[in-house]
Amino acid sequence: MIEEGEMGEMGEKSCEIEERVGLFERKEVRKRGVYKVFASTIFAAICFIWVYRFRNIPYDDDDDDDGRYWYWLLLFMSEFAFGLYWIITQSVRWRIVYHTPFKHTLLNRYDEQKLGGVDIFVCTADPILEPPMIVINTVLSAMAYNYPSNNLTVYLSDDGGSDLTFYALFKASIFSKHWVPFCTRFNIQPRSPEAYFATQNYTTNFAQEWLSIKKLYENMKRDIESVVANGKVPDDARKQHNGFSEWNHKTTKQDHQSIVQIMIDGRDKNGVDEDGYGLATLVYMAREKRPNYPHHFKAGAMNALIRVSSEITNAPYILNLDCDMYPNNADIIHEVLCFFMDEVKGHDIAYVQFPQNYNNLTNNDHYANSCLATDKLELAGICGHGAALYCGTGCFHRRESLSGTYFKDYLPNKDTNPKREDKRTVNELNEASKALATCTFEKDTQWGKEMGLVYGIPVEDIATGLAISCRGWKSIYYNPERKAFLGVAPTTLDVALVQHKRWSEGMFQVFFSKYCPFIYGHGKINFGLQMGYCVYLLWAPMSLPTLSYVIVSPITLLRGIPLFPQLTSLWFLPFAYAFVATNAYSLGEALSCGSTIKGWWNLQRMRLIRRTTSYLFSFIDNITKKFGLSQTNFVITDKVVSEDVQKRYEQEVIDFGNSSNSIMLTILATVALLNLFGLVGGIMRIVIMDLGFTSSSQLMIQIMVSALVVMVYLPVYEALFIRTDKGSISSSIMFKSIAFISLGCCLAHFI
């Protein structure tokens, strides 16, 4: 028999063991040695290609007037760039790491009420491009997390300073008293009303409640959309909340005072939902804007939110979301806190980053929005170096890491819930917070430098994440089975290209700024992480070798200038192996991540299109900025979709139809037509001129390159010559492209 004393000792030991069990585990993918051997063979092939190009340079002489030397040099530089970039990409595949949280262990170890407050930041900037209904769906889903409401606060930053957005949030605050208890009562997911009613059909389990809440939502939606369509809040609605007095006829998007309004006060015992339970605190903020003061775009809004939230709630953890990226997993806060609160490995974690996922992807993802391999492998590969890329949305932060604190100076607060028992009234808190959101507050301070998100770069998130890592903090990339957040993917080629132009332009600015990982991170983060950052920072300059390849090959085909080894030459083998091996592995990687063969092919098409349009123009814009010929601007992605656009998107038909980016479409059509002409001209040269096997064999790789480009661009030819809908390419662009091709060929003739 076991004596009472022994039972007590066993109980104490079991408690000690439980305390030693971590709140999360870190697993490295095994058997990467096989991949490393495979990658080594590709590297060898790349080296052989470089050797071939160097040994066979056709040095220019007086008898050589076909320009072969310059074409050869262009391909040599392009292949050298491709090879170097491939080497850089291996940094994110060498050591892949996944993390698994144990939320049940967390809840067994800690009282849920003492886990710590979470401030959720939702950012919007324009009520037209970002309709308020999208914004409040994100807000409502954030308010409905399975987390104690007294520890949850949702802040909406309205950089448009619009009373239309304020009106929508006011209506949402009323609806939340019905929506939040409905979510809790029936444990529904997702908790974005629009997404829930779109994906969940009428249910008999709680039919009356389902119909009632749906009717309330549709009434709210109708009211908000009617007001937004009219562009004016009705006078009777303005009388329902004192906050509307902040707006007058002089208020504009770029010229208004700071506005802070606590819409729901979580401390108020009377501010409860229909079931009598407290609601999360809800705050509206529009920071001050004046024409003569820089506002630093989203980074400025985030920094204002950090200060305002520190005055009102000062939660130890912060979640920041884009307005169209709604929470899709109601329990995700508990999972994230496993990382932050682990007794051994959690104290040095600055942030936990989630991938960007979308709820409107088609089966084959014809705009390549999903980035499956990036989400599942590459970002986890960067995490293998001890950090995660901060992507600007879907990220939980430790507040201290955003305040400029170096990890070596960080003193963990044992009280996980430092939320103050503030006795000030709502009006007093509003007024105190306004002073922190003025356009002059940051003058002569470290905000935008050492504190908060950094300024001066469109992709402030990447630079901020790098700066935090260089201060000694670690970060985690977490990709749970149930997606934590879902957003809206671009539904037209125009929007997709503009989005990638903004990203690539900003990331290349990081590379050319003081935050270049090889310079700023030298001696602070490991070399593998520096390379991992550059996989994305070098998107823009990779447009040049790609453009050279798809232009030189067809032009030299038309002129009959061979630039590759014969098919019977041993030098042909490294070219063939590098191409087949990299693409075969890429296909296998895509399929293993859940893509389809057609989805992988669409990804190859979009990569080529992006490199010859978005990335090219982002590279050009960066160079002009360096010479002071242009200034940094921020383009908001349009979230509004018409019915005909949505129909084409669902049918997976590429929508080219937008005149706002006609220059991008012109470049796209020019490259497509040039390769078509080059392919036809090359084949005709072989057939009509009856070239022998040796001569025709020398042109065969160029023919294959142009043939591949033509196959990739089949939807472009369809939009040029066959389609007549609004998503096709206009005839004016086709004529411009033909004119550019003619001019280019004439110039090439005189090289």
# chains A, B, ... in the order shown; residues from 1 in each chain; ligands from 1
>>> residues_around(residues="Gln646 (chain A)", least_positions_apart="2", cutoff="12 Å", atoms="only C-alpha atoms", output="ChimeraX atom specification")
/A:360-362,489-492,639-644,648-655,727
>>> residues_around(residues="Leu544 (chain A)", least_positions_apart="3", cutoff="8 Å", atoms="only C-alpha atoms", output="ChimeraX atom specification")
/A:78,541,547-548,616
>>> closest_residue(among="A:Glu505, A:Asp409, A:Asp126, A:Glu460", to="Leu537 (chain A)", atoms="only C-alpha atoms")
A:Glu505
>>> select_by_dssp(residues="region 325-519 of chain A", states="alpha helix (DSSP H)", output="PyMOL selection string")
chain A and resi 332-340+372-373+379-383+426-434+460-470+493-512+517-519
>>> select_by_dssp(residues="region 381-595 of chain A", states="strand (DSSP E or B)", output="list in words")
Cys395, Phe396, His397, Arg398, Trp447, Met451, Lys474, Ser475, Ile476, Tyr477, Phe485, Leu486 and Gly487 of chain A
>>> residues_around(residues="Ala581 (chain A)", least_positions_apart="3", cutoff="12 Å", atoms="only C-alpha atoms", output="JSON, numbers by chain")
{"A": [35, 38, 39, 40, 41, 42, 43, 45, 46, 573, 574, 575, 576, 577, 578, 584, 585, 586, 587, 588, 589]}
>>> write_last_selection(atoms="N, CA, C and O atoms", output="PDB file, in the first residue's frame")
ATOM      1  N   TYR A  35      17.722  16.159 -49.926  1.00  0.00           N
ATOM      2  CA  TYR A  35      17.533  17.389 -50.699  1.00  0.00           C
ATOM      3  C   TYR A  35      18.853  18.130 -50.887  1.00  0.00           C
ATOM      4  O   TYR A  35      19.109  18.693 -51.957  1.00  0.00           O
ATOM      5  N   PHE A  38      20.679  16.636 -53.687  1.00  0.00           N
ATOM      6  CA  PHE A  38      20.014  17.027 -54.929  1.00  0.00           C
ATOM      7  C   PHE A  38      20.351  18.474 -55.295  1.00  0.00           C
ATOM      8  O   PHE A  38      20.676  18.780 -56.459  1.00  0.00           O
ATOM      9  N   ALA A  39      20.297  19.377 -54.304  1.00  0.00           N
ATOM     10  CA  ALA A  39      20.622  20.785 -54.560  1.00  0.00           C
ATOM     11  C   ALA A  39      22.071  20.942 -55.001  1.00  0.00           C
ATOM     12  O   ALA A  39      22.386  21.808 -55.831  1.00  0.00           O
ATOM     13  N   SER A  40      22.941  20.101 -54.476  1.00  0.00           N
ATOM     14  CA  SER A  40      24.356  20.172 -54.863  1.00  0.00           C
ATOM     15  C   SER A  40      24.545  19.841 -56.336  1.00  0.00           C
ATOM     16  O   SER A  40      25.398  20.437 -57.013  1.00  0.00           O
ATOM     17  N   THR A  41      23.736  18.912 -56.850  1.00  0.00           N
ATOM     18  CA  THR A  41      23.840  18.569 -58.282  1.00  0.00           C
ATOM     19  C   THR A  41      23.375  19.731 -59.158  1.00  0.00           C
ATOM     20  O   THR A  41      23.948  19.983 -60.217  1.00  0.00           O
ATOM     21  N   ILE A  42      22.340  20.440 -58.690  1.00  0.00           N
ATOM     22  CA  ILE A  42      21.883  21.612 -59.444  1.00  0.00           C
ATOM     23  C   ILE A  42      22.943  22.702 -59.410  1.00  0.00           C
ATOM     24  O   ILE A  42      23.207  23.366 -60.428  1.00  0.00           O
ATOM     25  N   PHE A  43      23.565  22.885 -58.255  1.00  0.00           N
ATOM     26  CA  PHE A  43      24.634  23.879 -58.147  1.00  0.00           C
ATOM     27  C   PHE A  43      25.782  23.549 -59.094  1.00  0.00           C
ATOM     28  O   PHE A  43      26.352  24.441 -59.731  1.00  0.00           O
ATOM     29  N   ALA A  45      25.502  21.947 -61.929  1.00  0.00           N
ATOM     30  CA  ALA A  45      25.033  22.273 -63.280  1.00  0.00           C
ATOM     31  C   ALA A  45      25.136  23.774 -63.537  1.00  0.00           C
ATOM     32  O   ALA A  45      25.536  24.212 -64.630  1.00  0.00           O
ATOM     33  N   ILE A  46      24.781  24.579 -62.533  1.00  0.00           N
ATOM     34  CA  ILE A  46      24.880  26.035 -62.670  1.00  0.00           C
ATOM     35  C   ILE A  46      26.331  26.453 -62.905  1.00  0.00           C
ATOM     36  O   ILE A  46      26.615  27.308 -63.766  1.00  0.00           O
ATOM     37  N   LEU A 573      24.029  19.318 -71.628  1.00  0.00           N
ATOM     38  CA  LEU A 573      23.529  18.578 -70.467  1.00  0.00           C
ATOM     39  C   LEU A 573      23.296  19.463 -69.234  1.00  0.00           C
ATOM     40  O   LEU A 573      22.260  19.340 -68.578  1.00  0.00           O
ATOM     41  N   PRO A 574      24.224  20.340 -68.836  1.00  0.00           N
ATOM     42  CA  PRO A 574      23.938  21.173 -67.651  1.00  0.00           C
ATOM     43  C   PRO A 574      22.732  22.086 -67.840  1.00  0.00           C
ATOM     44  O   PRO A 574      21.972  22.306 -66.895  1.00  0.00           O
ATOM     45  N   PHE A 575      22.547  22.616 -69.065  1.00  0.00           N
ATOM     46  CA  PHE A 575      21.359  23.437 -69.325  1.00  0.00           C
ATOM     47  C   PHE A 575      20.097  22.608 -69.142  1.00  0.00           C
ATOM     48  O   PHE A 575      19.142  23.031 -68.472  1.00  0.00           O
ATOM     49  N   ALA A 576      20.082  21.422 -69.742  1.00  0.00           N
ATOM     50  CA  ALA A 576      18.906  20.560 -69.672  1.00  0.00           C
ATOM     51  C   ALA A 576      18.643  20.112 -68.238  1.00  0.00           C
ATOM     52  O   ALA A 576      17.497  20.135 -67.763  1.00  0.00           O
ATOM     53  N   TYR A 577      19.709  19.713 -67.533  1.00  0.00           N
ATOM     54  CA  TYR A 577      19.516  19.200 -66.172  1.00  0.00           C
ATOM     55  C   TYR A 577      19.032  20.298 -65.228  1.00  0.00           C
ATOM     56  O   TYR A 577      18.118  20.080 -64.423  1.00  0.00           O
ATOM     57  N   ALA A 578      19.638  21.463 -65.305  1.00  0.00           N
ATOM     58  CA  ALA A 578      19.234  22.563 -64.419  1.00  0.00           C
ATOM     59  C   ALA A 578      17.763  22.912 -64.637  1.00  0.00           C
ATOM     60  O   ALA A 578      17.007  23.125 -63.669  1.00  0.00           O
ATOM     61  N   ALA A 584      11.023  20.182 -62.076  1.00  0.00           N
ATOM     62  CA  ALA A 584      10.435  18.950 -61.542  1.00  0.00           C
ATOM     63  C   ALA A 584      10.307  19.046 -60.023  1.00  0.00           C
ATOM     64  O   ALA A 584       9.273  18.670 -59.444  1.00  0.00           O
ATOM     65  N   TYR A 585      11.347  19.561 -59.378  1.00  0.00           N
ATOM     66  CA  TYR A 585      11.270  19.717 -57.923  1.00  0.00           C
ATOM     67  C   TYR A 585      10.210  20.746 -57.544  1.00  0.00           C
ATOM     68  O   TYR A 585       9.455  20.549 -56.586  1.00  0.00           O
ATOM     69  N   SER A 586      10.142  21.839 -58.297  1.00  0.00           N
ATOM     70  CA  SER A 586       9.141  22.865 -58.030  1.00  0.00           C
ATOM     71  C   SER A 586       7.732  22.297 -58.144  1.00  0.00           C
ATOM     72  O   SER A 586       6.863  22.586 -57.309  1.00  0.00           O
ATOM     73  N   LEU A 587       7.498  21.463 -59.163  1.00  0.00           N
ATOM     74  CA  LEU A 587       6.187  20.840 -59.337  1.00  0.00           C
ATOM     75  C   LEU A 587       5.881  19.903 -58.174  1.00  0.00           C
ATOM     76  O   LEU A 587       4.782  19.931 -57.610  1.00  0.00           O
ATOM     77  N   GLY A 588       6.847  19.065 -57.812  1.00  0.00           N
ATOM     78  CA  GLY A 588       6.645  18.154 -56.688  1.00  0.00           C
ATOM     79  C   GLY A 588       6.388  18.897 -55.390  1.00  0.00           C
ATOM     80  O   GLY A 588       5.536  18.494 -54.583  1.00  0.00           O
ATOM     81  N   GLU A 589       7.102  19.974 -55.196  1.00  0.00           N
ATOM     82  CA  GLU A 589       6.930  20.798 -54.001  1.00  0.00           C
ATOM     83  C   GLU A 589       5.529  21.388 -53.957  1.00  0.00           C
ATOM     84  O   GLU A 589       4.872  21.376 -52.910  1.00  0.00           O
TER      85      GLU A 589
END
>>> atom_distance(atom1="CA of Arg32 (chain A)", atom2="CA of His99 (chain A)")
17.5 Å
>>> residues_around(residues="region 304-320 of chain A", least_positions_apart="6", cutoff="8 Å", atoms="only C-alpha atoms", output="PyMOL selection string")
chain A and resi 116-123+151+153+155+157+285+287+392-400+416-420+429+432-434+436-437+452
>>> atom_distance(atom1="CA of Tyr515 (chain A)", atom2="CA of Ser475 (chain A)")
17.9 Å
>>> closest_residue(among="A:Ile555, A:Leu140, A:Leu453, A:Ala435", to="Ser403 (chain A)", atoms="only C-alpha atoms")
A:Leu453
>>> atom_distance(atom1="CA of Ser728 (chain A)", atom2="CA of Val716 (chain A)")
8.6 Å
>>> closest_residue(among="A:Thr374, A:Ser553, A:Asn622, A:Gln702", to="Thr89 (chain A)", atoms="only C-alpha atoms")
A:Thr374
>>> residues_around(residues="Lys214 (chain A)", least_positions_apart="4", cutoff="9 Å", atoms="only C-alpha atoms", output="PyMOL selection string")
chain A and resi 193+197+209-210+218-219
>>> closest_residue(among="A:Phe297, A:Phe721, A:Phe170, A:Phe186", to="Leu282 (chain A)", atoms="only C-alpha atoms")
A:Phe170
>>> residues_around(residues="region 52-57 of chain A", least_positions_apart="4", cutoff="10 Å", atoms="only C-alpha atoms", output="JSON, numbers by chain")
{"A": [46, 47, 48, 68, 69, 70, 72, 73, 75, 76, 77, 79, 80, 563, 564, 565, 571, 572, 574]}
>>> closest_atom_pairs(of="region 445-551 of chain A", to="region 383-386 of chain A", cutoff="7 Å", atoms="only C-alpha atoms", output="JSON lines")
{"residue": "A:Lys474", "atom": "CA", "partner": "A:Gly386", "partner_atom": "CA", "distance": 6.0}
{"residue": "A:Ser475", "atom": "CA", "partner": "A:Gly386", "partner_atom": "CA", "distance": 6.7}
{"residue": "A:Ile476", "atom": "CA", "partner": "A:Cys383", "partner_atom": "CA", "distance": 6.3}
{"residue": "A:Tyr477", "atom": "CA", "partner": "A:Cys383", "partner_atom": "CA", "distance": 6.1}
{"residue": "A:Gly528", "atom": "CA", "partner": "A:His385", "partner_atom": "CA", "distance": 6.5}
{"residue": "A:Leu529", "atom": "CA", "partner": "A:His385", "partner_atom": "CA", "distance": 5.6}
>>> write_last_selection(atoms="N, CA, C and O atoms", output="short mmCIF file (atom, residue, chain, number, x, y, z; two decimals), in the first residue's frame")
data_model
loop_
_atom_site.label_atom_id
_atom_site.label_comp_id
_atom_site.auth_asym_id
_atom_site.auth_seq_id
_atom_site.Cartn_x
_atom_site.Cartn_y
_atom_site.Cartn_z
N LYS A 474 13.81 36.90 -30.68
CA LYS A 474 13.46 35.81 -31.60
C LYS A 474 11.99 35.96 -32.00
O LYS A 474 11.22 36.68 -31.36
N SER A 475 11.62 35.28 -33.06
CA SER A 475 10.23 35.32 -33.51
C SER A 475 9.86 33.97 -34.10
O SER A 475 10.74 33.17 -34.44
N ILE A 476 8.57 33.73 -34.22
CA ILE A 476 8.09 32.42 -34.65
C ILE A 476 7.11 32.58 -35.80
O ILE A 476 6.26 33.48 -35.80
N TYR A 477 7.24 31.68 -36.76
CA TYR A 477 6.26 31.58 -37.84
C TYR A 477 5.37 30.38 -37.53
O TYR A 477 5.87 29.27 -37.30
N GLY A 528 22.45 32.90 -42.73
CA GLY A 528 21.32 32.24 -43.37
C GLY A 528 20.06 33.08 -43.32
O GLY A 528 19.30 33.14 -44.29
N LEU A 529 19.83 33.77 -42.20
CA LEU A 529 18.67 34.65 -42.07
C LEU A 529 18.81 35.87 -42.97
O LEU A 529 17.84 36.33 -43.57
#
>>> closest_residue(among="A:Gly448, A:Gly532, A:Gly33, A:Pro291", to="Asp255 (chain A)", atoms="only C-alpha atoms")
A:Pro291
>>> residues_around(residues="Gln257 (chain A)", least_positions_apart="5", cutoff="9 Å", atoms="only C-alpha atoms", output="NGL selection string")
:A and (246 or 251 or 286-290 or 434 or 437-439)
>>> closest_residue(among="A:Cys391, A:Ile457, A:Leu107, A:Ala330", to="Phe512 (chain A)", atoms="only C-alpha atoms")
A:Ile457
